[in-house]
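J.: File work.cif below, mmCIF, C-alpha atoms:
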data_my_file
loop_
_atom_site.group_PDB
_atom_site.id
_atom_site.type_symbol
_atom_site.label_atom_id
_atom_site.label_comp_id
_atom_site.auth_asym_id
_atom_site.auth_seq_id
_atom_site.Cartn_x
_atom_site.Cartn_y
_atom_site.Cartn_z
ATOM 1 C CA MET C 1 -10.549 27.367 -22.553
ATOM 2 C CA ARG C 2 -12.072 26.299 -19.240
ATOM 3 C CA LEU C 3 -11.151 22.651 -19.822
ATOM 4 C CA TYR C 4 -7.547 23.656 -20.489
ATOM 5 C CA LEU C 5 -7.477 25.406 -17.112
ATOM 6 C CA VAL C 6 -8.996 22.357 -15.451
ATOM 7 C CA ALA C 7 -6.395 20.140 -17.132
ATOM 8 C CA ALA C 8 -3.562 22.412 -15.961
ATOM 9 C CA GLY C 9 -4.908 22.333 -12.406
ATOM 10 C CA LEU C 10 -5.245 18.550 -12.443
ATOM 11 C CA LEU C 11 -1.743 18.120 -13.816
ATOM 12 C CA GLY C 12 -0.432 20.368 -11.055
ATOM 13 C CA LEU C 13 -2.358 18.325 -8.485
ATOM 14 C CA SER C 14 -0.900 15.095 -9.856
ATOM 15 C CA VAL C 15 2.678 16.392 -9.786
ATOM 16 C CA THR C 16 2.199 17.759 -6.265
ATOM 17 C CA CYS C 17 0.791 14.496 -4.937
ATOM 18 C CA LEU C 18 3.375 12.232 -6.520
ATOM 19 C CA GLY C 19 6.305 14.568 -5.814
ATOM 20 C CA PRO C 20 6.435 17.070 -2.918
ATOM 21 C CA GLY C 21 3.342 15.637 -1.217
ATOM 22 C CA SER C 22 4.894 12.190 -1.026
ATOM 23 C CA SER C 23 8.196 13.561 0.273
ATOM 24 C CA TRP C 24 6.385 15.538 2.968
ATOM 25 C CA LEU C 25 4.346 12.546 4.122
ATOM 26 C CA ALA C 26 7.414 10.281 4.177
ATOM 27 C CA ALA C 27 9.166 12.755 6.506
ATOM 28 C CA ALA C 28 6.130 13.410 8.744
ATOM 29 C CA ARG C 29 6.436 12.246 12.358
ATOM 30 C CA TRP C 30 2.731 12.142 13.219
ATOM 31 C CA THR C 31 2.150 9.071 11.043
ATOM 32 C CA SER C 32 3.374 6.699 13.773
ATOM 33 C CA ARG C 33 0.532 7.952 15.994
ATOM 34 C CA ALA C 34 -2.109 7.092 13.399
ATOM 35 C CA PRO C 35 -0.618 4.348 11.199
ATOM 36 C CA ARG C 36 -3.854 3.094 9.649
ATOM 37 C CA ALA C 37 -5.042 6.595 8.770
ATOM 38 C CA ALA C 38 -1.593 7.423 7.398
ATOM 39 C CA VAL C 39 -1.797 4.362 5.132
ATOM 40 C CA VAL C 40 -5.185 5.606 3.874
ATOM 41 C CA LEU C 41 -3.600 8.993 3.131
ATOM 42 C CA TRP C 42 -0.733 7.328 1.253
ATOM 43 C CA GLN C 43 -3.263 5.403 -0.828
ATOM 44 C CA ALA C 44 -5.310 8.553 -1.467
ATOM 45 C CA ILE C 45 -2.230 10.445 -2.644
ATOM 46 C CA GLY C 46 -1.374 7.705 -5.118
ATOM 47 C CA VAL C 47 -4.910 7.291 -6.441
ATOM 48 C CA THR C 48 -5.403 11.065 -6.708
ATOM 49 C CA GLY C 49 -2.112 11.494 -8.555
ATOM 50 C CA ALA C 50 -3.054 8.825 -11.098
ATOM 51 C CA VAL C 51 -6.685 9.930 -11.528
ATOM 52 C CA ALA C 52 -5.673 13.589 -11.847
ATOM 53 C CA ALA C 53 -3.126 12.759 -14.576
ATOM 54 C CA ILE C 54 -5.667 10.673 -16.490
ATOM 55 C CA GLY C 55 -8.336 13.325 -16.001
ATOM 56 C CA ALA C 56 -6.004 16.083 -17.244
ATOM 57 C CA GLY C 57 -5.322 14.135 -20.409
ATOM 58 C CA LEU C 58 -8.999 13.405 -21.036
ATOM 59 C CA ALA C 59 -9.961 17.036 -20.393
ATOM 60 C CA VAL C 60 -7.594 18.153 -23.139
ATOM 61 C CA ALA C 61 -8.715 15.344 -25.453
ATOM 62 C CA VAL C 62 -12.413 16.372 -25.353
ATOM 63 C CA VAL C 63 -11.928 20.119 -25.807
ATOM 64 C CA ARG C 64 -12.464 19.717 -29.571
ATOM 65 C CA PHE C 65 -16.084 18.669 -29.024
ATOM 66 C CA GLY C 66 -16.941 21.964 -27.316
ATOM 67 C CA VAL C 67 -19.680 20.428 -25.163
ATOM 68 C CA GLY C 68 -18.018 20.138 -21.739
ATOM 69 C CA PHE C 69 -16.266 17.234 -20.100
ATOM 70 C CA ARG C 70 -19.098 14.784 -19.474
ATOM 71 C CA ALA C 71 -20.699 15.176 -22.900
ATOM 72 C CA GLY C 72 -17.275 15.277 -24.541
ATOM 73 C CA LEU C 73 -16.313 12.038 -22.854
ATOM 74 C CA GLY C 74 -19.488 10.487 -24.274
ATOM 75 C CA ASP C 75 -18.568 11.721 -27.764
ATOM 76 C CA LEU C 76 -15.044 10.349 -27.372
ATOM 77 C CA ALA C 77 -16.422 6.956 -26.310
ATOM 78 C CA ALA C 78 -18.854 7.001 -29.249
ATOM 79 C CA GLY C 79 -15.952 7.622 -31.626
ATOM 80 C CA LEU C 80 -14.095 4.651 -30.163
ATOM 81 C CA VAL C 81 -17.149 2.415 -30.576
ATOM 82 C CA ASP C 82 -17.752 3.616 -34.144
ATOM 83 C CA GLY C 83 -14.151 2.946 -35.080
ATOM 84 C CA HIS C 84 -13.199 6.608 -35.656
ATOM 85 C CA PRO C 85 -11.445 7.625 -32.402
ATOM 86 C CA LEU C 86 -8.977 9.957 -34.156
ATOM 87 C CA SER C 87 -11.477 11.879 -36.254
ATOM 88 C CA GLY C 88 -10.796 15.620 -35.952
ATOM 89 C CA LEU C 89 -7.908 15.024 -33.556
ATOM 90 C CA GLY C 90 -5.406 17.881 -33.276
ATOM 91 C CA LEU C 91 -1.972 17.912 -31.652
ATOM 92 C CA PRO C 92 -3.172 19.047 -28.170
ATOM 93 C CA ASP C 93 -5.994 16.484 -28.279
ATOM 94 C CA ALA C 94 -3.578 13.739 -29.280
ATOM 95 C CA LEU C 95 -1.149 14.646 -26.480
ATOM 96 C CA GLY C 96 -3.955 14.628 -23.917
ATOM 97 C CA LEU C 97 -5.316 11.300 -25.099
ATOM 98 C CA THR C 98 -1.807 9.824 -25.111
ATOM 99 C CA LEU C 99 -1.184 10.990 -21.534
ATOM 100 C CA ALA C 100 -4.445 9.481 -20.269
ATOM 101 C CA ALA C 101 -3.955 6.194 -22.130
ATOM 102 C CA ASP C 102 -0.291 5.809 -21.151
ATOM 103 C CA VAL C 103 -0.903 6.392 -17.435
ATOM 104 C CA ALA C 104 -3.862 3.998 -17.369
ATOM 105 C CA ILE C 105 -2.128 1.283 -19.395
ATOM 106 C CA VAL C 106 1.191 1.452 -17.528
ATOM 107 C CA LEU C 107 -0.460 1.319 -14.116
ATOM 108 C CA ALA C 108 -2.793 -1.516 -15.075
ATOM 109 C CA THR C 109 0.055 -3.498 -16.642
ATOM 110 C CA VAL C 110 2.582 -3.217 -13.826
ATOM 111 C CA VAL C 111 -0.013 -3.956 -11.150
ATOM 112 C CA ALA C 112 -1.324 -6.980 -13.072
ATOM 113 C CA ILE C 113 2.176 -8.397 -13.656
ATOM 114 C CA THR C 114 3.167 -7.932 -10.019
ATOM 115 C CA MET C 115 -0.101 -9.445 -8.840
ATOM 116 C CA VAL C 116 0.409 -12.573 -10.927
ATOM 117 C CA ARG C 117 4.037 -12.970 -9.799
ATOM 118 C CA THR C 118 3.185 -12.413 -6.142
ATOM 119 C CA VAL C 119 0.224 -14.772 -6.156
ATOM 120 C CA ARG C 120 2.355 -17.488 -7.766
ATOM 121 C CA ALA C 121 5.209 -16.962 -5.293
ATOM 122 C CA ARG C 122 2.821 -17.132 -2.347
ATOM 123 C CA ALA C 123 1.166 -20.250 -3.737
ATOM 124 C CA ARG C 124 4.544 -21.994 -4.131
ATOM 125 C CA HIS C 125 5.601 -21.054 -0.613
ATOM 126 C CA ARG C 126 2.208 -22.103 0.779
ATOM 127 C CA ARG C 127 2.609 -25.549 -0.767
ATOM 128 C CA VAL C 128 6.061 -25.898 0.812
ATOM 129 C CA LEU C 129 4.722 -24.822 4.214
ATOM 130 C CA ASP C 130 1.890 -27.318 3.987
ATOM 131 C CA LEU C 131 4.473 -30.044 3.396
ATOM 132 C CA VAL C 132 7.061 -29.150 6.052
ATOM 133 C CA GLY C 133 5.045 -27.167 8.602
ATOM 134 C CA ILE C 134 3.486 -28.928 11.582
ATOM 135 C CA GLY C 135 0.977 -27.931 14.227
ATOM 136 C CA SER C 136 2.128 -27.175 17.757
ATOM 137 C CA GLU C 137 0.330 -26.601 21.034
ATOM 138 C CA GLU C 138 3.021 -24.080 22.009
ATOM 139 C CA ALA C 139 2.291 -21.993 18.895
ATOM 140 C CA ALA C 140 -1.476 -22.289 18.642
ATOM 141 C CA GLY C 141 -2.831 -20.945 15.368
ATOM 142 C CA ALA C 142 0.540 -21.103 13.612
ATOM 143 C CA LEU C 143 2.575 -23.584 11.597
ATOM 144 C CA LEU C 144 5.802 -24.696 13.235
ATOM 145 C CA LEU C 145 8.856 -24.698 10.978
ATOM 146 C CA ASP C 146 11.742 -26.893 12.114
ATOM 147 C CA HIS C 147 14.512 -24.329 11.773
ATOM 148 C CA PRO C 148 17.102 -23.403 14.430
ATOM 149 C CA LYS C 149 16.986 -19.646 13.790
ATOM 150 C CA ALA C 150 14.207 -17.559 15.304
ATOM 151 C CA THR C 151 11.642 -16.241 12.874
ATOM 152 C CA ALA C 152 7.931 -15.551 12.632
ATOM 153 C CA TYR C 153 6.035 -14.317 9.612
ATOM 154 C CA CYS C 154 2.666 -14.158 7.908
ATOM 155 C CA LEU C 155 2.184 -15.414 4.369
ATOM 156 C CA PRO C 156 -0.767 -13.361 3.034
ATOM 157 C CA GLY C 157 -3.451 -14.661 0.713
ATOM 158 C CA ILE C 158 -6.970 -16.056 0.644
ATOM 159 C CA ARG C 159 -5.736 -18.758 3.018
ATOM 160 C CA PRO C 160 -2.989 -16.983 4.987
ATOM 161 C CA ARG C 161 -0.383 -18.899 6.945
ATOM 162 C CA ILE C 162 1.263 -17.776 10.177
ATOM 163 C CA VAL C 163 4.665 -19.396 10.559
ATOM 164 C CA VAL C 164 6.874 -19.707 13.643
ATOM 165 C CA SER C 165 10.239 -21.465 13.710
ATOM 166 C CA ALA C 166 11.474 -23.887 16.344
ATOM 167 C CA GLY C 167 14.210 -21.373 17.109
ATOM 168 C CA ALA C 168 11.576 -18.773 18.029
ATOM 169 C CA LEU C 169 9.900 -21.250 20.408
ATOM 170 C CA ARG C 170 13.206 -21.788 22.203
ATOM 171 C CA LEU C 171 14.075 -18.083 22.278
ATOM 172 C CA LEU C 172 10.779 -16.527 23.375
ATOM 173 C CA HIS C 173 8.768 -16.859 26.554
ATOM 174 C CA SER C 174 5.170 -18.013 26.123
ATOM 175 C CA SER C 175 3.724 -14.503 26.560
ATOM 176 C CA GLU C 176 6.187 -13.072 24.037
ATOM 177 C CA LEU C 177 5.422 -15.836 21.547
ATOM 178 C CA ALA C 178 1.678 -15.220 21.900
ATOM 179 C CA ALA C 179 2.194 -11.505 21.239
ATOM 180 C CA VAL C 180 4.248 -12.247 18.114
ATOM 181 C CA ILE C 181 1.640 -14.659 16.743
ATOM 182 C CA GLU C 182 -1.076 -12.071 17.363
ATOM 183 C CA HIS C 183 1.037 -9.517 15.480
ATOM 184 C CA GLU C 184 1.155 -11.827 12.483
ATOM 185 C CA ARG C 185 -2.562 -12.492 12.825
ATOM 186 C CA GLY C 186 -3.048 -8.732 12.544
ATOM 187 C CA HIS C 187 -1.373 -8.760 9.120
ATOM 188 C CA ALA C 188 -3.694 -11.547 7.992
ATOM 189 C CA CYS C 189 -6.935 -10.143 9.442
ATOM 190 C CA GLU C 190 -6.354 -6.616 8.149
ATOM 191 C CA HIS C 191 -5.298 -7.831 4.669
ATOM 192 C CA HIS C 192 -1.993 -5.995 4.637
ATOM 193 C CA GLY C 193 -0.837 -8.090 1.699
ATOM 194 C CA LEU C 194 -3.467 -6.468 -0.511
ATOM 195 C CA VAL C 195 -2.425 -3.012 0.660
ATOM 196 C CA MET C 196 1.215 -3.572 -0.295
ATOM 197 C CA LEU C 197 0.576 -5.285 -3.626
ATOM 198 C CA PRO C 198 -0.027 -2.198 -5.837
ATOM 199 C CA LEU C 199 2.734 -0.242 -4.095
ATOM 200 C CA THR C 200 5.450 -2.846 -4.624
ATOM 201 C CA SER C 201 4.519 -3.018 -8.301
ATOM 202 C CA LEU C 202 5.581 0.618 -8.797
ATOM 203 C CA VAL C 203 9.123 0.387 -7.445
ATOM 204 C CA GLU C 204 11.047 -0.907 -10.444
ATOM 205 C CA PRO C 205 9.286 0.656 -13.463
ATOM 206 C CA LEU C 206 8.495 4.037 -11.848
ATOM 207 C CA ARG C 207 11.200 4.624 -9.250
ATOM 208 C CA TRP C 208 11.988 8.024 -10.822
ATOM 209 C CA ILE C 209 8.701 9.182 -9.276
ATOM 210 C CA PRO C 210 9.114 10.049 -5.558
ATOM 211 C CA TYR C 211 5.828 8.348 -4.634
ATOM 212 C CA ALA C 212 6.911 5.047 -6.198
ATOM 213 C CA ARG C 213 10.207 5.144 -4.272
ATOM 214 C CA LEU C 214 8.922 6.317 -0.913
ATOM 215 C CA ALA C 215 5.476 4.756 -0.524
ATOM 216 C CA PRO C 216 6.426 1.041 -0.286
ATOM 217 C CA THR C 217 8.937 1.568 2.528
ATOM 218 C CA ALA C 218 6.796 4.063 4.438
ATOM 219 C CA VAL C 219 3.596 2.037 4.153
ATOM 220 C CA GLY C 220 5.429 -1.184 5.028
ATOM 221 C CA LEU C 221 6.578 0.349 8.319
ATOM 222 C CA LEU C 222 3.116 1.750 9.042
ATOM 223 C CA LEU C 223 1.551 -1.678 8.494
ATOM 224 C CA GLU C 224 4.027 -3.200 10.937
ATOM 225 C CA MET C 225 2.996 -0.560 13.478
ATOM 226 C CA ALA C 226 -0.668 -1.318 12.788
ATOM 227 C CA ALA C 227 0.000 -5.020 13.398
ATOM 228 C CA ASP C 228 1.851 -4.084 16.611
ATOM 229 C CA ASP C 229 -1.273 -2.216 17.752
ATOM 230 C CA TYR C 230 -3.425 -5.220 16.820
ATOM 231 C CA SER C 231 -1.298 -7.427 19.049
ATOM 232 C CA ALA C 232 -1.246 -4.863 21.853
ATOM 233 C CA ARG C 233 -5.045 -5.009 22.134
ATOM 234 C CA GLN C 234 -4.781 -8.599 23.381
ATOM 235 C CA HIS C 235 -1.283 -8.792 24.885
ATOM 236 C CA ASP C 236 1.140 -6.693 26.869
ATOM 237 C CA ARG C 237 3.001 -4.215 24.639
ATOM 238 C CA HIS C 238 6.199 -4.909 26.561
ATOM 239 C CA ASP C 239 6.038 -8.606 25.689
ATOM 240 C CA LEU C 240 5.947 -7.786 21.987
ATOM 241 C CA ALA C 241 8.744 -5.226 22.379
ATOM 242 C CA ARG C 242 10.960 -7.800 24.137
ATOM 243 C CA ALA C 243 10.184 -10.355 21.435
ATOM 244 C CA LEU C 244 11.158 -7.901 18.695
ATOM 245 C CA VAL C 245 14.460 -7.175 20.429
ATOM 246 C CA ARG C 246 15.188 -10.878 20.907
ATOM 247 C CA MET C 247 14.361 -11.599 17.259
ATOM 248 C CA GLY C 248 16.269 -8.614 15.879
ATOM 249 C CA THR C 249 18.708 -10.957 14.116
ATOM 250 C CA ALA C 250 15.991 -13.344 12.976
ATOM 251 C CA MET C 251 16.174 -15.451 9.859
ATOM 252 C CA ALA C 252 14.980 -13.503 6.830
ATOM 253 C CA ALA C 253 11.405 -14.202 5.786
ATOM 254 C CA PRO C 254 10.361 -14.697 2.153
ATOM 255 C CA GLU C 255 9.856 -11.509 0.127
ATOM 256 C CA CYS C 256 6.166 -12.368 -0.281
ATOM 257 C CA ALA C 257 5.602 -12.456 3.501
ATOM 258 C CA PHE C 258 5.446 -10.089 6.496
ATOM 259 C CA ALA C 259 8.106 -10.796 9.140
ATOM 260 C CA ALA C 260 7.552 -9.799 12.771
ATOM 261 C CA ALA C 261 11.070 -8.408 13.133
ATOM 262 C CA GLY C 262 11.435 -7.317 9.557
ATOM 263 C CA ILE C 263 11.269 -3.499 9.401
ATOM 264 C CA SER C 264 12.667 -0.725 11.653
ATOM 265 C CA VAL C 265 12.669 -2.711 14.870
ATOM 266 C CA PRO C 266 14.232 0.082 17.022
ATOM 267 C CA ALA C 267 11.549 2.601 16.038
ATOM 268 C CA ARG C 268 8.770 0.088 16.652
ATOM 269 C CA VAL C 269 10.180 -0.955 20.019
ATOM 270 C CA GLN C 270 10.444 2.673 21.121
ATOM 271 C CA ARG C 271 6.859 3.216 20.030
ATOM 272 C CA LEU C 272 5.644 0.142 21.915
ATOM 273 C CA LEU C 273 7.368 1.349 25.084
ATOM 274 C CA THR C 274 5.744 4.782 24.829
ATOM 275 C CA GLU C 275 2.495 5.087 26.739
ATOM 276 C CA ASP C 276 0.639 7.517 24.437
ATOM 277 C CA THR C 277 1.167 6.062 20.958
ATOM 278 C CA THR C 278 -2.057 6.972 19.170
ATOM 279 C CA SER C 279 -3.768 10.224 18.268
ATOM 280 C CA ARG C 280 -7.427 10.330 17.276
ATOM 281 C CA ALA C 281 -7.033 13.927 16.091
ATOM 282 C CA ALA C 282 -4.201 12.969 13.717
ATOM 283 C CA ALA C 283 -6.204 10.011 12.417
ATOM 284 C CA THR C 284 -9.286 12.149 11.804
ATOM 285 C CA ALA C 285 -7.287 14.857 10.040
ATOM 286 C CA ALA C 286 -5.566 12.269 7.822
ATOM 287 C CA VAL C 287 -8.848 10.624 6.807
ATOM 288 C CA CYS C 288 -10.414 14.015 6.056
ATOM 289 C CA ALA C 289 -7.396 15.013 3.947
ATOM 290 C CA ALA C 290 -7.592 11.697 2.085
ATOM 291 C CA SER C 291 -11.299 12.244 1.363
ATOM 292 C CA VAL C 292 -10.677 15.748 0.018
ATOM 293 C CA LEU C 293 -7.841 14.519 -2.194
ATOM 294 C CA LEU C 294 -9.924 11.689 -3.649
ATOM 295 C CA LEU C 295 -12.869 13.993 -4.410
ATOM 296 C CA ALA C 296 -10.811 16.864 -5.841
ATOM 297 C CA PRO C 297 -10.174 15.559 -9.391
ATOM 298 C CA PHE C 298 -13.754 14.347 -9.826
ATOM 299 C CA ALA C 299 -15.152 17.615 -8.529
ATOM 300 C CA ALA C 300 -12.973 19.582 -10.947
ATOM 301 C CA LEU C 301 -13.995 17.468 -13.935
ATOM 302 C CA LEU C 302 -17.699 17.099 -13.212
ATOM 303 C CA ALA C 303 -18.478 20.567 -11.870
#
Reformat the file's structure so that it appears as structure tokens.
T.:
Amino acid sequence: MRLYLVAAGLLGLSVTCLGPGSSWLAAARWTSRAPRAAVVLWQAIGVTGAVAAIGAGLAVAVVRFGVGFRAGLGDLAAGLVDGHPLSGLGLPDALGLTLAADVAIVLATVVAITMVRTVRARARHRRVLDLVGIGSEEAAGALLLDHPKATAYCLPGIRPRIVVSAGALRLLHSSELAAVIEHERGHACEHHGLVMLPLTSLVEPLRWIPYARLAPTAVGLLLEMAADDYSARQHDRHDLARALVRMGTAMAAPECAFAAAGISVPARVQRLLTEDTTSRAAATAAVCAASVLLLAPFAALLA
């Protein structure tokens, strides 16, 4: 009976995280004051929702062994190894095992497919950039793309590329250009491509879940703000803000890249022009909440 209660609690936790919890976080205003911590909280909500759903299914599946969760999980694994995983399986056990297996398989499949597609797309674009991009003293650390429209973006990967167009060189002053390049370097150094990869994989197959719909857009904006902060450590915030305004109608970057003027430019410019943009208290609270969420399903199952 206790495992059924644990399973019900975990299922409630999963639904709360992936539904109302995601909607609340997407509407929260404090996230712009602690973008990195907010991204961690978004990740924790997603991981907790998935782990809690899998844990709820496994808790129901091992009730039949009557030896608790840890020992029951060992018995279930032994049955799989021996080739008799369905021995003594009742309807509730089968439903629990199906839930756990379906969540794990679906998540692993969609993330793997998206990863392969994204890596291939980035590799193709990287090869093109290596052919047509040239070095430039005016855009140190970036590849210069001979295109009349202004654009700047980061192509993530093991060997990231920072790209600036000839149009951006003509449009921006040297200090503004340096701030933009540093922004793109922030995406590369903080591995924002890896952060977005599992989130973008959820959009199409699982968009009926609020988390899958809301997280990619919200986290994408937060990562742009984090890259803005990265640039602001080395350059004047006002230079980056002016560059974003000037490049507001920039040429679209590839889907597999991060563009400097790609997401919610007005909100980011307003944030850059505000003196007090960060909150250590909000960041600390978000990290603590993320830690509690990540520990909750394991604590419930292993207690």
J.: For the provided coordinates, the residues matched by the PyMOL selection byres ((chain C and resi 193) around 9) should be stated as a PyMOL selection string.
T.: chain C and resi 155-157+187-188+190-192+194-197+256-258
J.: Can you list, as a ChimeraX atom specification, every protein, DNA or RNA residue that comes within 7 Å of Ile162 (chain C) when you count only C-alpha atoms, leaving out same-chain residues fewer than 5 positions away?
T.: /C:142-143,153-155,184
J.: I need the residue set behind the PyMOL selection byres ((chain C and resi 236-246) around 8) for this file; please write it as a VMD selection string.
T.: chain C and resid 171 to 172 175 to 177 179 to 180 228 231 to 235 247 to 249 260 to 261 265 268 to 269 272 to 273
J.: At what distance in Å, to one decimal, does CA of Gly68 (chain C) lie from CA of Ala300 (chain C)?
T.: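 Separating CA of Ala300 (chain C) from CA of Gly68 (chain C) is a distance of 11.9 Å.
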J.: Give me, please, the distance in Å between CA of Leu302 (chain C) and CA of Gly66 (chain C), quoted to one decimal.
T.: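 Here the two named atoms are 14.9 Å from each other.
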J.: Near Leu73 (chain C), counting all atoms listed in the file, which residues have an atom at most 9 Å away, once you skip same-chain residues fewer than 2 positions from it, shown as a PyMOL selection string?
T.: chain C and resi 58-59+61-62+68-71+75-78
J.: Kindly export the residues of the current selection with C-alpha atoms, as a PDB file, in the frame of the given file.
T.:
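Result written to selection-v3.pdb:
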ATOM      1  CA  LEU C  58      -8.999  13.405 -21.036  1.00  0.00           C
ATOM      2  CA  ALA C  59      -9.961  17.036 -20.393  1.00  0.00           C
ATOM      3  CA  ALA C  61      -8.715  15.344 -25.453  1.00  0.00           C
ATOM      4  CA  VAL C  62     -12.413  16.372 -25.353  1.00  0.00           C
ATOM      5  CA  GLY C  68     -18.018  20.138 -21.739  1.00  0.00           C
ATOM      6  CA  PHE C  69     -16.266  17.234 -20.100  1.00  0.00           C
ATOM      7  CA  ARG C  70     -19.098  14.784 -19.474  1.00  0.00           C
ATOM      8  CA  ALA C  71     -20.699  15.176 -22.900  1.00  0.00           C
ATOM      9  CA  ASP C  75     -18.568  11.721 -27.764  1.00  0.00           C
ATOM     10  CA  LEU C  76     -15.044  10.349 -27.372  1.00  0.00           C
ATOM     11  CA  ALA C  77     -16.422   6.956 -26.310  1.00  0.00           C
ATOM     12  CA  ALA C  78     -18.854   7.001 -29.249  1.00  0.00           C
TER      13      ALA C  78
END
J.: Could you tell me which residues the PyMOL selection byres ((chain C and resi 146) around 6) grabs in this file, written as a tab-separated table (two decimals) with C-alpha atoms, in the coordinates of the input?
T.:
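After the write, expr.tsv holds the following:
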chain	number	residue	atom	x	y	z
C	145	LEU	CA	8.86	-24.70	10.98
C	147	HIS	CA	14.51	-24.33	11.77
C	165	SER	CA	10.24	-21.46	13.71
C	166	ALA	CA	11.47	-23.89	16.34
J.: Using only C-alpha atoms, which protein or nucleic acid residues come within 7 Å of region 113-129 of chain C? Drop anything in the same chain fewer than 2 positions from it, and give the result as a list in words.
T.: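 Listed by chain and then number, they are Thr109, Val110, Val111, Leu131, Val132, Gly133, Leu155, Leu197, Ser201 and Cys256 of chain C.
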J.: Using all atoms listed in the file, which of C:Gly135, C:Leu294, C:Ala56, C:Ser23 sits nearest Gln43 (chain C)?
T.: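 Between C:Gly135, C:Leu294, C:Ala56, C:Ser23, the residue approaching Gln43 (chain C) most closely is C:Leu294.
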J.: With all atoms listed in the file as the counted atoms, please give the residues lying no more than 12 Å from Trp24 (chain C), apart from itself and same-chain residues fewer than 3 positions off, as a count of residues only.
T.: 19
J.: Record the distance separating CA of Cys288 (chain C) and CA of Ala38 (chain C), expressed in Å with one decimal.
T.: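 Those two atoms sit 11.1 Å apart.
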J.: Excluding Ser291 (chain C) and its own-chain neighbours fewer than 4 positions away, which residues fall within 10 Å of it when counting only C-alpha atoms? Please give them as a list of chain:residue names.
T.: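 Counting only C-alpha atoms, the residues come to C:Val40, C:Leu41, C:Ala44, C:Ala285, C:Ala286, C:Val287, C:Leu295, C:Ala296.
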J.: So which one's closest to Gly167 (chain C), C:Ala212, C:Leu301, C:Val51, C:Ala150? Using only C-alpha atoms, please.
T.: C:Ala150
J.: Given all atoms listed in the file as the basis, pick out the residue of C:Gly74, C:Gly12, C:Pro266, C:Pro35 nearest to Thr284 (chain C).
T.: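 Between C:Gly74, C:Gly12, C:Pro266, C:Pro35, the residue approaching Thr284 (chain C) most closely is C:Pro35.
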